[in-house]
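Enquirer: File my_file.pdb follows (PDB, C-alpha atoms and all ligand atoms):
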```
ATOM      1  CA  MET A  13     105.907 -72.386-187.546  1.00  0.00           C
ATOM      2  CA  LYS A  14     105.568 -70.511-190.839  1.00  0.00           C
ATOM      3  CA  LYS A  15     108.532 -68.363-191.878  1.00  0.00           C
ATOM      4  CA  ILE A  16     108.542 -64.848-193.311  1.00  0.00           C
ATOM      5  CA  ALA A  17     111.298 -63.821-195.726  1.00  0.00           C
ATOM      6  CA  PRO A  18     111.266 -60.102-196.606  1.00  0.00           C
ATOM      7  CA  SER A  19     112.748 -59.508-200.072  1.00  0.00           C
ATOM      8  CA  ILE A  20     115.124 -56.549-200.133  1.00  0.00           C
ATOM      9  CA  LEU A  21     114.368 -56.010-203.827  1.00  0.00           C
ATOM     10  CA  SER A  22     111.740 -53.473-202.769  1.00  0.00           C
ATOM     11  CA  ALA A  23     113.779 -51.941-199.919  1.00  0.00           C
ATOM     12  CA  ASP A  24     115.279 -48.452-199.908  1.00  0.00           C
ATOM     13  CA  PHE A  25     118.855 -49.219-201.029  1.00  0.00           C
ATOM     14  CA  SER A  26     120.141 -45.918-199.668  1.00  0.00           C
ATOM     15  CA  LYS A  27     119.615 -47.293-196.142  1.00  0.00           C
ATOM     16  CA  LEU A  28     119.730 -51.027-196.635  1.00  0.00           C
ATOM     17  CA  ALA A  29     121.269 -51.897-193.254  1.00  0.00           C
ATOM     18  CA  ALA A  30     118.509 -49.952-191.425  1.00  0.00           C
ATOM     19  CA  GLU A  31     115.830 -51.616-193.569  1.00  0.00           C
ATOM     20  CA  VAL A  32     117.210 -55.048-192.692  1.00  0.00           C
ATOM     21  CA  ALA A  33     117.420 -54.212-188.976  1.00  0.00           C
ATOM     22  CA  GLU A  34     113.781 -53.120-189.002  1.00  0.00           C
ATOM     23  CA  VAL A  35     112.442 -56.360-190.486  1.00  0.00           C
ATOM     24  CA  GLU A  36     114.726 -58.444-188.275  1.00  0.00           C
ATOM     25  CA  GLN A  37     113.397 -56.717-185.160  1.00  0.00           C
ATOM     26  CA  ALA A  38     109.858 -57.197-186.421  1.00  0.00           C
ATOM     27  CA  GLY A  39     110.370 -60.974-186.376  1.00  0.00           C
ATOM     28  CA  ALA A  40     111.376 -61.916-189.935  1.00  0.00           C
ATOM     29  CA  ASP A  41     112.861 -65.409-190.248  1.00  0.00           C
ATOM     30  CA  TYR A  42     114.991 -65.200-193.424  1.00  0.00           C
ATOM     31  CA  LEU A  43     116.278 -62.303-195.512  1.00  0.00           C
ATOM     32  CA  HIS A  44     115.493 -62.927-199.188  1.00  0.00           C
ATOM     33  CA  ILE A  45     118.027 -61.576-201.684  1.00  0.00           C
ATOM     34  CA  ASP A  46     117.171 -61.580-205.400  1.00  0.00           C
ATOM     35  CA  VAL A  47     120.159 -61.882-207.704  1.00  0.00           C
ATOM     36  CA  MET A  48     119.263 -61.033-211.317  1.00  0.00           C
ATOM     37  CA  ASP A  49     121.686 -61.134-214.234  1.00  0.00           C
ATOM     38  CA  GLY A  50     119.847 -59.259-217.018  1.00  0.00           C
ATOM     39  CA  HIS A  51     120.027 -62.448-219.092  1.00  0.00           C
ATOM     40  CA  PHE A  52     117.883 -65.160-217.498  1.00  0.00           C
ATOM     41  CA  VAL A  53     115.577 -62.371-216.330  1.00  0.00           C
ATOM     42  CA  PRO A  54     115.230 -58.854-217.780  1.00  0.00           C
ATOM     43  CA  ASN A  55     116.581 -57.025-214.730  1.00  0.00           C
ATOM     44  CA  VAL A  56     119.921 -56.579-212.948  1.00  0.00           C
ATOM     45  CA  THR A  57     120.391 -56.432-209.171  1.00  0.00           C
ATOM     46  CA  PHE A  58     123.080 -57.549-206.727  1.00  0.00           C
ATOM     47  CA  GLY A  59     126.261 -59.622-206.727  1.00  0.00           C
ATOM     48  CA  PRO A  60     128.179 -61.371-203.923  1.00  0.00           C
ATOM     49  CA  ASN A  61     129.678 -58.081-202.678  1.00  0.00           C
ATOM     50  CA  VAL A  62     126.249 -56.843-201.501  1.00  0.00           C
ATOM     51  CA  ILE A  63     125.720 -60.113-199.613  1.00  0.00           C
ATOM     52  CA  GLN A  64     129.158 -59.792-198.055  1.00  0.00           C
ATOM     53  CA  SER A  65     128.345 -56.252-196.897  1.00  0.00           C
ATOM     54  CA  LEU A  66     124.990 -57.308-195.451  1.00  0.00           C
ATOM     55  CA  ARG A  67     126.364 -60.373-193.632  1.00  0.00           C
ATOM     56  CA  PRO A  68     127.652 -58.528-190.540  1.00  0.00           C
ATOM     57  CA  CYS A  69     124.471 -56.390-190.367  1.00  0.00           C
ATOM     58  CA  THR A  70     122.081 -59.214-189.446  1.00  0.00           C
ATOM     59  CA  ARG A  71     121.729 -62.591-187.780  1.00  0.00           C
ATOM     60  CA  LEU A  72     118.969 -63.608-190.192  1.00  0.00           C
ATOM     61  CA  PRO A  73     119.790 -66.490-192.528  1.00  0.00           C
ATOM     62  CA  LEU A  74     120.520 -65.037-195.978  1.00  0.00           C
ATOM     63  CA  ASP A  75     118.218 -66.703-198.514  1.00  0.00           C
ATOM     64  CA  VAL A  76     119.789 -66.056-201.924  1.00  0.00           C
ATOM     65  CA  HIS A  77     117.593 -66.530-205.012  1.00  0.00           C
ATOM     66  CA  LEU A  78     119.806 -66.795-208.095  1.00  0.00           C
ATOM     67  CA  MET A  79     118.020 -65.694-211.266  1.00  0.00           C
ATOM     68  CA  MET A  80     121.000 -66.177-213.525  1.00  0.00           C
ATOM     69  CA  THR A  81     122.326 -68.422-216.245  1.00  0.00           C
ATOM     70  CA  ASN A  82     125.307 -70.643-215.365  1.00  0.00           C
ATOM     71  CA  PRO A  83     124.767 -70.218-211.600  1.00  0.00           C
ATOM     72  CA  GLU A  84     127.370 -72.949-210.986  1.00  0.00           C
ATOM     73  CA  ASN A  85     130.093 -70.394-211.764  1.00  0.00           C
ATOM     74  CA  TYR A  86     129.056 -68.212-208.814  1.00  0.00           C
ATOM     75  CA  ILE A  87     127.980 -70.670-206.096  1.00  0.00           C
ATOM     76  CA  GLU A  88     131.273 -70.565-204.199  1.00  0.00           C
ATOM     77  CA  ALA A  89     131.426 -66.775-204.349  1.00  0.00           C
ATOM     78  CA  PHE A  90     127.906 -66.443-202.889  1.00  0.00           C
ATOM     79  CA  ALA A  91     128.580 -69.058-200.201  1.00  0.00           C
ATOM     80  CA  LYS A  92     131.843 -67.367-199.249  1.00  0.00           C
ATOM     81  CA  ALA A  93     130.064 -64.005-199.101  1.00  0.00           C
ATOM     82  CA  GLY A  94     127.730 -65.425-196.433  1.00  0.00           C
ATOM     83  CA  ALA A  95     124.711 -66.978-198.174  1.00  0.00           C
ATOM     84  CA  ASP A  96     123.025 -69.583-195.949  1.00  0.00           C
ATOM     85  CA  ILE A  97     120.555 -70.841-198.551  1.00  0.00           C
ATOM     86  CA  ILE A  98     121.326 -70.728-202.276  1.00  0.00           C
ATOM     87  CA  SER A  99     118.477 -71.468-204.677  1.00  0.00           C
ATOM     88  CA  VAL A 100     118.945 -72.057-208.390  1.00  0.00           C
ATOM     89  CA  HIS A 101     116.311 -72.196-211.100  1.00  0.00           C
ATOM     90  CA  ALA A 102     115.750 -75.680-212.557  1.00  0.00           C
ATOM     91  CA  GLU A 103     115.401 -73.939-215.948  1.00  0.00           C
ATOM     92  CA  THR A 104     119.025 -72.719-215.794  1.00  0.00           C
ATOM     93  CA  CYS A 105     120.648 -76.022-214.795  1.00  0.00           C
ATOM     94  CA  PRO A 106     120.983 -78.922-217.244  1.00  0.00           C
ATOM     95  CA  HIS A 107     123.102 -80.560-214.508  1.00  0.00           C
ATOM     96  CA  LEU A 108     120.819 -79.635-211.619  1.00  0.00           C
ATOM     97  CA  HIS A 109     121.851 -82.518-209.347  1.00  0.00           C
ATOM     98  CA  ARG A 110     125.527 -81.572-209.690  1.00  0.00           C
ATOM     99  CA  VAL A 111     124.801 -77.909-208.923  1.00  0.00           C
ATOM    100  CA  LEU A 112     122.876 -78.842-205.756  1.00  0.00           C
ATOM    101  CA  GLN A 113     125.809 -80.959-204.634  1.00  0.00           C
ATOM    102  CA  LEU A 114     128.127 -78.028-205.307  1.00  0.00           C
ATOM    103  CA  ILE A 115     125.934 -75.809-203.103  1.00  0.00           C
ATOM    104  CA  HIS A 116     126.240 -78.354-200.284  1.00  0.00           C
ATOM    105  CA  THR A 117     130.001 -78.661-200.730  1.00  0.00           C
ATOM    106  CA  SER A 118     130.229 -74.876-200.454  1.00  0.00           C
ATOM    107  CA  GLY A 119     128.527 -75.104-197.068  1.00  0.00           C
ATOM    108  CA  ALA A 120     125.064 -73.700-197.878  1.00  0.00           C
ATOM    109  CA  ARG A 121     121.588 -75.231-197.953  1.00  0.00           C
ATOM    110  CA  ALA A 122     120.382 -75.983-201.471  1.00  0.00           C
ATOM    111  CA  GLY A 123     117.146 -74.765-203.029  1.00  0.00           C
ATOM    112  CA  VAL A 124     115.504 -75.448-206.383  1.00  0.00           C
ATOM    113  CA  VAL A 125     113.272 -72.777-207.941  1.00  0.00           C
ATOM    114  CA  LEU A 126     110.485 -73.500-210.419  1.00  0.00           C
ATOM    115  CA  ASN A 127     109.142 -70.861-212.792  1.00  0.00           C
ATOM    116  CA  PRO A 128     105.330 -70.812-213.097  1.00  0.00           C
ATOM    117  CA  ALA A 129     105.523 -72.800-216.372  1.00  0.00           C
ATOM    118  CA  THR A 130     107.854 -75.505-215.010  1.00  0.00           C
ATOM    119  CA  PRO A 131     106.158 -78.667-213.743  1.00  0.00           C
ATOM    120  CA  VAL A 132     106.732 -80.227-210.323  1.00  0.00           C
ATOM    121  CA  SER A 133     108.120 -83.321-212.081  1.00  0.00           C
ATOM    122  CA  ALA A 134     111.381 -81.346-212.606  1.00  0.00           C
ATOM    123  CA  LEU A 135     112.064 -82.026-208.898  1.00  0.00           C
ATOM    124  CA  GLU A 136     111.475 -85.741-208.903  1.00  0.00           C
ATOM    125  CA  TYR A 137     115.066 -86.977-209.176  1.00  0.00           C
ATOM    126  CA  VAL A 138     116.807 -84.299-207.120  1.00  0.00           C
ATOM    127  CA  MET A 139     114.930 -84.692-203.874  1.00  0.00           C
ATOM    128  CA  ASP A 140     117.914 -86.334-202.157  1.00  0.00           C
ATOM    129  CA  SER A 141     119.919 -83.120-202.632  1.00  0.00           C
ATOM    130  CA  THR A 142     117.230 -80.484-202.039  1.00  0.00           C
ATOM    131  CA  ASP A 143     116.596 -78.616-198.774  1.00  0.00           C
ATOM    132  CA  LEU A 144     114.127 -76.051-200.087  1.00  0.00           C
ATOM    133  CA  ILE A 145     111.745 -75.817-203.040  1.00  0.00           C
ATOM    134  CA  LEU A 146     110.878 -72.309-204.181  1.00  0.00           C
ATOM    135  CA  ILE A 147     107.648 -72.090-206.145  1.00  0.00           C
ATOM    136  CA  MET A 148     107.530 -68.853-208.147  1.00  0.00           C
ATOM    137  CA  THR A 149     104.041 -67.421-207.865  1.00  0.00           C
ATOM    138  CA  VAL A 150     104.850 -64.730-210.471  1.00  0.00           C
ATOM    139  CA  ASN A 151     107.223 -64.794-213.438  1.00  0.00           C
ATOM    140  CA  PRO A 152     110.648 -63.852-212.054  1.00  0.00           C
ATOM    141  CA  GLY A 153     112.369 -60.539-212.698  1.00  0.00           C
ATOM    142  CA  PHE A 154     110.402 -57.835-210.904  1.00  0.00           C
ATOM    143  CA  GLY A 155     108.753 -57.027-207.613  1.00  0.00           C
ATOM    144  CA  GLY A 156     105.165 -55.848-207.301  1.00  0.00           C
ATOM    145  CA  GLN A 157     103.522 -58.317-209.721  1.00  0.00           C
ATOM    146  CA  THR A 158     100.196 -60.079-209.273  1.00  0.00           C
ATOM    147  CA  PHE A 159     100.044 -63.561-207.732  1.00  0.00           C
ATOM    148  CA  ILE A 160      99.196 -66.357-210.214  1.00  0.00           C
ATOM    149  CA  PRO A 161      96.309 -68.374-208.654  1.00  0.00           C
ATOM    150  CA  GLY A 162      97.147 -71.558-210.604  1.00  0.00           C
ATOM    151  CA  MET A 163     100.258 -71.940-208.433  1.00  0.00           C
ATOM    152  CA  ILE A 164      98.146 -73.069-205.470  1.00  0.00           C
ATOM    153  CA  ASP A 165      97.672 -76.468-207.073  1.00  0.00           C
ATOM    154  CA  LYS A 166     101.413 -76.637-207.733  1.00  0.00           C
ATOM    155  CA  ILE A 167     102.122 -76.080-204.027  1.00  0.00           C
ATOM    156  CA  ARG A 168      99.777 -78.980-203.220  1.00  0.00           C
ATOM    157  CA  GLN A 169     101.525 -81.225-205.747  1.00  0.00           C
ATOM    158  CA  THR A 170     104.903 -80.280-204.258  1.00  0.00           C
ATOM    159  CA  ARG A 171     103.626 -81.050-200.760  1.00  0.00           C
ATOM    160  CA  ASP A 172     102.536 -84.510-202.001  1.00  0.00           C
ATOM    161  CA  LEU A 173     105.935 -85.082-203.600  1.00  0.00           C
ATOM    162  CA  ILE A 174     107.842 -84.375-200.388  1.00  0.00           C
ATOM    163  CA  ALA A 175     105.416 -86.236-198.120  1.00  0.00           C
ATOM    164  CA  ASN A 176     107.483 -89.415-198.035  1.00  0.00           C
ATOM    165  CA  GLN A 177     110.932 -87.843-197.835  1.00  0.00           C
ATOM    166  CA  SER A 178     112.834 -88.579-194.640  1.00  0.00           C
ATOM    167  CA  ARG A 179     114.755 -85.239-194.708  1.00  0.00           C
ATOM    168  CA  PRO A 180     113.023 -81.951-193.958  1.00  0.00           C
ATOM    169  CA  ILE A 181     112.352 -79.938-197.142  1.00  0.00           C
ATOM    170  CA  GLU A 182     110.787 -76.482-196.968  1.00  0.00           C
ATOM    171  CA  ILE A 183     108.349 -75.110-199.535  1.00  0.00           C
ATOM    172  CA  GLU A 184     108.825 -71.394-200.167  1.00  0.00           C
ATOM    173  CA  VAL A 185     106.577 -69.150-202.259  1.00  0.00           C
ATOM    174  CA  ASP A 186     107.696 -65.953-203.950  1.00  0.00           C
ATOM    175  CA  GLY A 187     105.793 -63.257-205.825  1.00  0.00           C
ATOM    176  CA  GLY A 188     102.627 -61.298-205.145  1.00  0.00           C
ATOM    177  CA  ILE A 189     102.484 -62.413-201.512  1.00  0.00           C
ATOM    178  CA  ASN A 190     100.142 -60.460-199.211  1.00  0.00           C
ATOM    179  CA  GLY A 191      97.970 -61.506-196.269  1.00  0.00           C
ATOM    180  CA  GLU A 192      95.377 -63.135-198.473  1.00  0.00           C
ATOM    181  CA  THR A 193      97.653 -64.972-200.942  1.00  0.00           C
ATOM    182  CA  ALA A 194      99.952 -66.054-198.096  1.00  0.00           C
ATOM    183  CA  LYS A 195      96.997 -67.672-196.322  1.00  0.00           C
ATOM    184  CA  SER A 196      95.973 -69.581-199.504  1.00  0.00           C
ATOM    185  CA  CYS A 197      99.569 -70.765-200.000  1.00  0.00           C
ATOM    186  CA  ALA A 198      99.807 -71.806-196.341  1.00  0.00           C
ATOM    187  CA  ASP A 199      96.603 -73.820-196.635  1.00  0.00           C
ATOM    188  CA  ALA A 200      98.099 -75.575-199.694  1.00  0.00           C
ATOM    189  CA  GLY A 201     101.255 -76.473-197.732  1.00  0.00           C
ATOM    190  CA  ALA A 202     103.788 -73.627-198.076  1.00  0.00           C
ATOM    191  CA  ASP A 203     106.244 -73.022-195.200  1.00  0.00           C
ATOM    192  CA  VAL A 204     108.184 -69.875-196.154  1.00  0.00           C
ATOM    193  CA  PHE A 205     106.662 -66.660-197.517  1.00  0.00           C
ATOM    194  CA  VAL A 206     108.757 -64.171-199.471  1.00  0.00           C
ATOM    195  CA  ALA A 207     107.309 -60.676-199.502  1.00  0.00           C
ATOM    196  CA  GLY A 208     108.901 -57.652-201.129  1.00  0.00           C
ATOM    197  CA  SER A 209     106.477 -54.862-201.972  1.00  0.00           C
ATOM    198  CA  PHE A 210     103.996 -55.958-199.305  1.00  0.00           C
ATOM    199  CA  ILE A 211     106.601 -55.199-196.622  1.00  0.00           C
ATOM    200  CA  PHE A 212     108.946 -52.566-198.073  1.00  0.00           C
ATOM    201  CA  GLY A 213     106.163 -50.783-199.919  1.00  0.00           C
ATOM    202  CA  LYS A 214     104.612 -49.882-196.539  1.00  0.00           C
ATOM    203  CA  LYS A 215     105.769 -46.948-194.456  1.00  0.00           C
ATOM    204  CA  ASP A 216     105.757 -49.106-191.336  1.00  0.00           C
ATOM    205  CA  ARG A 217     107.708 -52.240-192.278  1.00  0.00           C
ATOM    206  CA  ALA A 218     107.378 -53.782-188.809  1.00  0.00           C
ATOM    207  CA  GLN A 219     103.623 -53.510-188.916  1.00  0.00           C
ATOM    208  CA  ALA A 220     103.620 -55.150-192.378  1.00  0.00           C
ATOM    209  CA  VAL A 221     105.665 -58.123-191.080  1.00  0.00           C
ATOM    210  CA  GLN A 222     103.296 -58.448-188.147  1.00  0.00           C
ATOM    211  CA  SER A 223     100.188 -58.322-190.342  1.00  0.00           C
ATOM    212  CA  LEU A 224     101.618 -61.098-192.524  1.00  0.00           C
ATOM    213  CA  ARG A 225     102.356 -63.092-189.367  1.00  0.00           C
ATOM    214  CA  SER A 226      98.804 -62.706-188.113  1.00  0.00           C
ATOM    215  CA  ALA A 227      97.368 -63.671-191.534  1.00  0.00           C
ATOM    216  CA  LEU A 228      99.373 -66.885-191.223  1.00  0.00           C
ATOM    217  CA  SER A 229      98.505 -67.719-187.632  1.00  0.00           C
TER     218      SER A 229
HETATM  219  O1  LIG B   1     112.134 -63.148-207.003  1.00  0.00           O
HETATM  220  C1  LIG B   1     111.408 -62.189-206.991  1.00  0.00           C
HETATM  221  C2  LIG B   1     110.982 -61.520-208.250  1.00  0.00           C
HETATM  222  O2  LIG B   1     111.549 -62.177-209.314  1.00  0.00           O
HETATM  223  C3  LIG B   1     110.881 -61.746-205.697  1.00  0.00           C
HETATM  224  O3  LIG B   1     111.588 -62.226-204.598  1.00  0.00           O
HETATM  225  C4  LIG B   1     110.331 -60.361-205.520  1.00  0.00           C
HETATM  226  O4  LIG B   1     111.147 -59.549-204.714  1.00  0.00           O
HETATM  227  C5  LIG B   1     108.965 -60.473-204.906  1.00  0.00           C
HETATM  228  O5  LIG B   1     108.398 -59.225-204.849  1.00  0.00           O
HETATM  229  P1  LIG B   1     106.861 -59.005-204.463  1.00  0.00           P
HETATM  230  O6  LIG B   1     106.051 -59.725-205.522  1.00  0.00           O
HETATM  231  O7  LIG B   1     106.665 -59.594-203.094  1.00  0.00           O
HETATM  232  O8  LIG B   1     106.717 -57.530-204.507  1.00  0.00           O
HETATM  233 FE    FE B   2     112.933 -63.986-205.121  1.00  0.00          FE
END
```
Can I see the file as structure tokens?
Ligand SMILES: O=C(CO)[C@@H](O)[C@H](O)COP(=O)(O)O
Ligand SMILES: [Fe+2]

Expert:
Amino acid sequence: MKKIAPSILSADFSKLAAEVAEVEQAGADYLHIDVMDGHFVPNVTFGPNVIQSLRPCTRLPLDVHLMMTNPENYIEAFAKAGADIISVHAETCPHLHRVLQLIHTSGARAGVVLNPATPVSALEYVMDSTDLILIMTVNPGFGGQTFIPGMIDKIRQTRDLIANQSRPIEIEVDGGINGETAKSCADAGADVFVAGSFIFGKKDRAQAVQSLRSALS
């Protein structure tokens, strides 16, 4: 079953708990939370305190996407705040394998994120410590950007790479996801679909989640 992960980056922050409740009731599977440090990416968003405040508001697994340099310094804080999945960018981690192990020791599932320009080969020697692979389908930093079509082939390559792994590894896509791009990514082998502006940019968030679900079914 394909999973939908609304990204709160495009939500109305003045009523975040209500926004989250609406997408949860509409059948979302994960809640995607974009952490940006103004250094790795040119934007600043949330820290662990926002995750801690959201934790009691929802039963959805909190899928935390760290767009920050030196993420290893904050893994424990995010895990303690309630993150269920913590994903780090391969580009920010010279010691990627160690960081993934640290995520596991902190009690969360570990994800690796690849920027559009980063090849799938970056994943080759960390598969034993990876639970989720996040393929960026836009350059990270902002919501509302246009999907990069060349990423479809990258999803296929990632699917091939994980084909002979004994552990389950999910492929997530993030950026410019709508009904049409989600369907193309699903056909290429993606499992989890992050959508920010497609869901929170609509007046009726529940209807947006449902339309994404029907595009995927
Ligand atoms: O990580 C990011 C952006 O860097 C995302 O998770 C965005 O929140 C996706 O937004 P849309 O492209 O769906 O509007
Ligand atoms: Fe994200």

Enquirer: Which residues come within 10 Å of A:Glu84, counting only C-alpha atoms, excluding same-chain residues fewer than 3 positions away, as number ranges by chain?

Expert: A: 80-81, 87-89, 100, 104-105, 107-108, 110-112, 114-115

Enquirer: For each of A:Pro54, A:Gly156, A:Gly188, A:Pro18, take the minimum atom-to-atom distance to A:Gln222, counting all atoms listed in the file, then give the residue where this is smallest.

Expert: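 Looking at the shortest contact to A:Gln222, the residue is A:Pro18.
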
Enquirer: Using all atoms listed in the file, which protein or nucleic acid residues are at most 9 Å from ligand FE 2 (chain B), as a list of chain:residue names?

Expert: A:Ser19, A:Leu21, A:His44, A:Ile45, A:Asp46, A:Val47, A:Asp75, A:Val76, A:His77, A:Leu78, A:Met79, A:Leu146, A:Met148, A:Pro152, A:Gly153, A:Phe154, A:Gly155, A:Val185, A:Asp186, A:Gly187, A:Val206, A:Ala207, A:Gly208

Enquirer: So for stretch 66-76 of chain A, what box centre and size do we get, axis-aligned, 5 Å extra on each of the six sides, every listed atom, Å to one decimal, as lines of an AutoDock Vina configuration file?

Expert:
```
center_x = 122.9
center_y = -61.5
center_z = -194.9
size_x = 19.4
size_y = 20.3
size_z = 24.1
```

Enquirer: At what distance in Å, to one decimal, does atom CA of A:Leu43 lie from atom O1 of ligand LIG 1 (chain B)?

Expert: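 Atom O1 of ligand LIG 1 (chain B) sits 12.2 Å away from atom CA of A:Leu43.
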
Enquirer: Once the PyMOL selection byres (((chain A and resi 164) around 10) and not hetatm) is applied to the coordinates I shared, what remains selected? I want it as a ChimeraX atom specification.

Expert: /A:147,149,159-163,165-170,185,193,196-202

Enquirer: Could the residues in this selection be saved with C-alpha atoms as a compact mmCIF listing (two decimals), keeping the file's coordinate frame?

Expert:
```
# COMPACT_ATOMS: atom_id res chain seq x y z
CA ILE A 147 107.65 -72.09 -206.14
CA THR A 149 104.04 -67.42 -207.86
CA PHE A 159 100.04 -63.56 -207.73
CA ILE A 160 99.20 -66.36 -210.21
CA PRO A 161 96.31 -68.37 -208.65
CA GLY A 162 97.15 -71.56 -210.60
CA MET A 163 100.26 -71.94 -208.43
CA ASP A 165 97.67 -76.47 -207.07
CA LYS A 166 101.41 -76.64 -207.73
CA ILE A 167 102.12 -76.08 -204.03
CA ARG A 168 99.78 -78.98 -203.22
CA GLN A 169 101.52 -81.22 -205.75
CA THR A 170 104.90 -80.28 -204.26
CA VAL A 185 106.58 -69.15 -202.26
CA THR A 193 97.65 -64.97 -200.94
CA SER A 196 95.97 -69.58 -199.50
CA CYS A 197 99.57 -70.76 -200.00
CA ALA A 198 99.81 -71.81 -196.34
CA ASP A 199 96.60 -73.82 -196.64
CA ALA A 200 98.10 -75.58 -199.69
CA GLY A 201 101.26 -76.47 -197.73
CA ALA A 202 103.79 -73.63 -198.08
```

Enquirer: Can you work out the spacing between atom CA of A:Ile16 and atom C1 of ligand LIG 1 (chain B) in Å, to one decimal?

Expert: 14.2 Å

Enquirer: Quick check, in Å to one decimal: how far apart do atom C1 of ligand LIG 1 (chain B) and atom CA of A:Pro106 lie?

Expert: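 Here the two named atoms are 21.8 Å from each other.
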
Enquirer: Can you pull out every residue within 6 Å of A:Tyr42, counting only C-alpha atoms, but drop anything in the same chain fewer than 4 positions away, and send it as a list in words?

Expert: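 Answer for this query is Ala17, Leu72 and Pro73 of chain A.
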
Enquirer: Per residue of stretch 56-158 of chain A within 8 Å of stretch 24-32 of chain A, record the nearest atom pair and its distance in Å to one decimal, counting only C-alpha atoms, with rows in chain order and ascending residue number, as CSV.

Expert:
```
residue,atom,partner,partner_atom,distance
A:Leu66,CA,A:Ala29,CA,6.9
A:Cys69,CA,A:Ala29,CA,6.2
A:Thr70,CA,A:Val32,CA,7.2
```

Enquirer: For the selection just defined, write its residues with C-alpha atoms to a file, as a short mmCIF file (atom, residue, chain, number, x, y, z; two decimals), in the frame of the given file.

Expert:
```
data_model
loop_
_atom_site.label_atom_id
_atom_site.label_comp_id
_atom_site.auth_asym_id
_atom_site.auth_seq_id
_atom_site.Cartn_x
_atom_site.Cartn_y
_atom_site.Cartn_z
CA LEU A 66 124.99 -57.31 -195.45
CA CYS A 69 124.47 -56.39 -190.37
CA THR A 70 122.08 -59.21 -189.45
#
```

Enquirer: Using all atoms listed in the file, which of A:Arg225, A:Lys215, A:His101, A:Lys195 sits nearest ligand LIG 1 (chain B)?

Expert: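 Nearest to ligand LIG 1 (chain B): A:His101.
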
Enquirer: Once you count all atoms listed in the file, what closest atom pair and distance in Å to one decimal does each residue of stretch 74-109 of chain A within 7 Å of stretch 118-142 of chain A have, with rows by chain and rising residue number, as JSON lines?

Expert:
```
{"residue": "A:Glu88", "atom": "CA", "partner": "A:Ser118", "partner_atom": "CA", "distance": 5.8}
{"residue": "A:Ala91", "atom": "CA", "partner": "A:Ser118", "partner_atom": "CA", "distance": 6.1}
{"residue": "A:Ala95", "atom": "CA", "partner": "A:Ala120", "partner_atom": "CA", "distance": 6.7}
{"residue": "A:Asp96", "atom": "CA", "partner": "A:Ala120", "partner_atom": "CA", "distance": 5.0}
{"residue": "A:Ile97", "atom": "CA", "partner": "A:Arg121", "partner_atom": "CA", "distance": 4.5}
{"residue": "A:Ile98", "atom": "CA", "partner": "A:Ala122", "partner_atom": "CA", "distance": 5.4}
{"residue": "A:Ser99", "atom": "CA", "partner": "A:Gly123", "partner_atom": "CA", "distance": 3.9}
{"residue": "A:Val100", "atom": "CA", "partner": "A:Val124", "partner_atom": "CA", "distance": 5.2}
{"residue": "A:His101", "atom": "CA", "partner": "A:Val125", "partner_atom": "CA", "distance": 4.4}
{"residue": "A:Ala102", "atom": "CA", "partner": "A:Val125", "partner_atom": "CA", "distance": 6.0}
{"residue": "A:His109", "atom": "CA", "partner": "A:Val138", "partner_atom": "CA", "distance": 5.8}
```

Enquirer: Could you check which of A:Ile145, A:Ala40, A:Val62, A:Val53 is closest to ligand LIG 1 (chain B), using only C-alpha atoms and all ligand atoms?

Expert: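 Of all the options, A:Val53 lies closest to ligand LIG 1 (chain B).
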
Enquirer: Rank nothing, just name the residue among A:Gln157, A:Ser22, A:Ser65, A:Ser226 nearest to A:Phe90, using only C-alpha atoms.

Expert: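 The closest residue to A:Phe90 is A:Ser65.
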
Enquirer: Between A:Pro68, A:Gly191, A:Gly213, A:Pro83, single out the one closest to ligand LIG 1 (chain B), counting all atoms listed in the file.

Expert: A:Gly213

Enquirer: Of the residues A:Leu173, A:Ala23, A:Phe210, A:Gly94, which is the one nearest to ligand LIG 1 (chain B), using only C-alpha atoms and all ligand atoms?

Expert: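 That would be A:Phe210, the residue with the smallest distance to ligand LIG 1 (chain B).
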
Enquirer: Please write as a short mmCIF file (atom, residue, chain, number, x, y, z; two decimals) with C-alpha atoms, in the coordinates of the input the list of polymer residues whose atoms come within 9 Å of (106.2, -53.5, -193.5), counting only C-alpha atoms and keeping to the coordinates of the file.

Expert:
```
data_model
loop_
_atom_site.label_atom_id
_atom_site.label_comp_id
_atom_site.auth_asym_id
_atom_site.auth_seq_id
_atom_site.Cartn_x
_atom_site.Cartn_y
_atom_site.Cartn_z
CA PRO A 18 111.27 -60.10 -196.61
CA GLU A 34 113.78 -53.12 -189.00
CA VAL A 35 112.44 -56.36 -190.49
CA ALA A 38 109.86 -57.20 -186.42
CA SER A 209 106.48 -54.86 -201.97
CA PHE A 210 104.00 -55.96 -199.30
CA ILE A 211 106.60 -55.20 -196.62
CA PHE A 212 108.95 -52.57 -198.07
CA GLY A 213 106.16 -50.78 -199.92
CA LYS A 214 104.61 -49.88 -196.54
CA LYS A 215 105.77 -46.95 -194.46
CA ASP A 216 105.76 -49.11 -191.34
CA ARG A 217 107.71 -52.24 -192.28
CA ALA A 218 107.38 -53.78 -188.81
CA GLN A 219 103.62 -53.51 -188.92
CA ALA A 220 103.62 -55.15 -192.38
CA VAL A 221 105.66 -58.12 -191.08
CA GLN A 222 103.30 -58.45 -188.15
CA SER A 223 100.19 -58.32 -190.34
CA LEU A 224 101.62 -61.10 -192.52
#
```

Enquirer: Spell out the residues picked by the PyMOL selection byres (((chain A and resi 14) around 6) and not hetatm) here, as an NGL selection string.

Expert: :A and (13 or 15 or 203-204)

Enquirer: Can you spell out as a PyMOL selection string the set of residues that the PyMOL selection byres (((chain A and resi 179) around 12) and not hetatm) selects in the structure I just provided?

Expert: chain A and resi 139-144+174-178+180-182
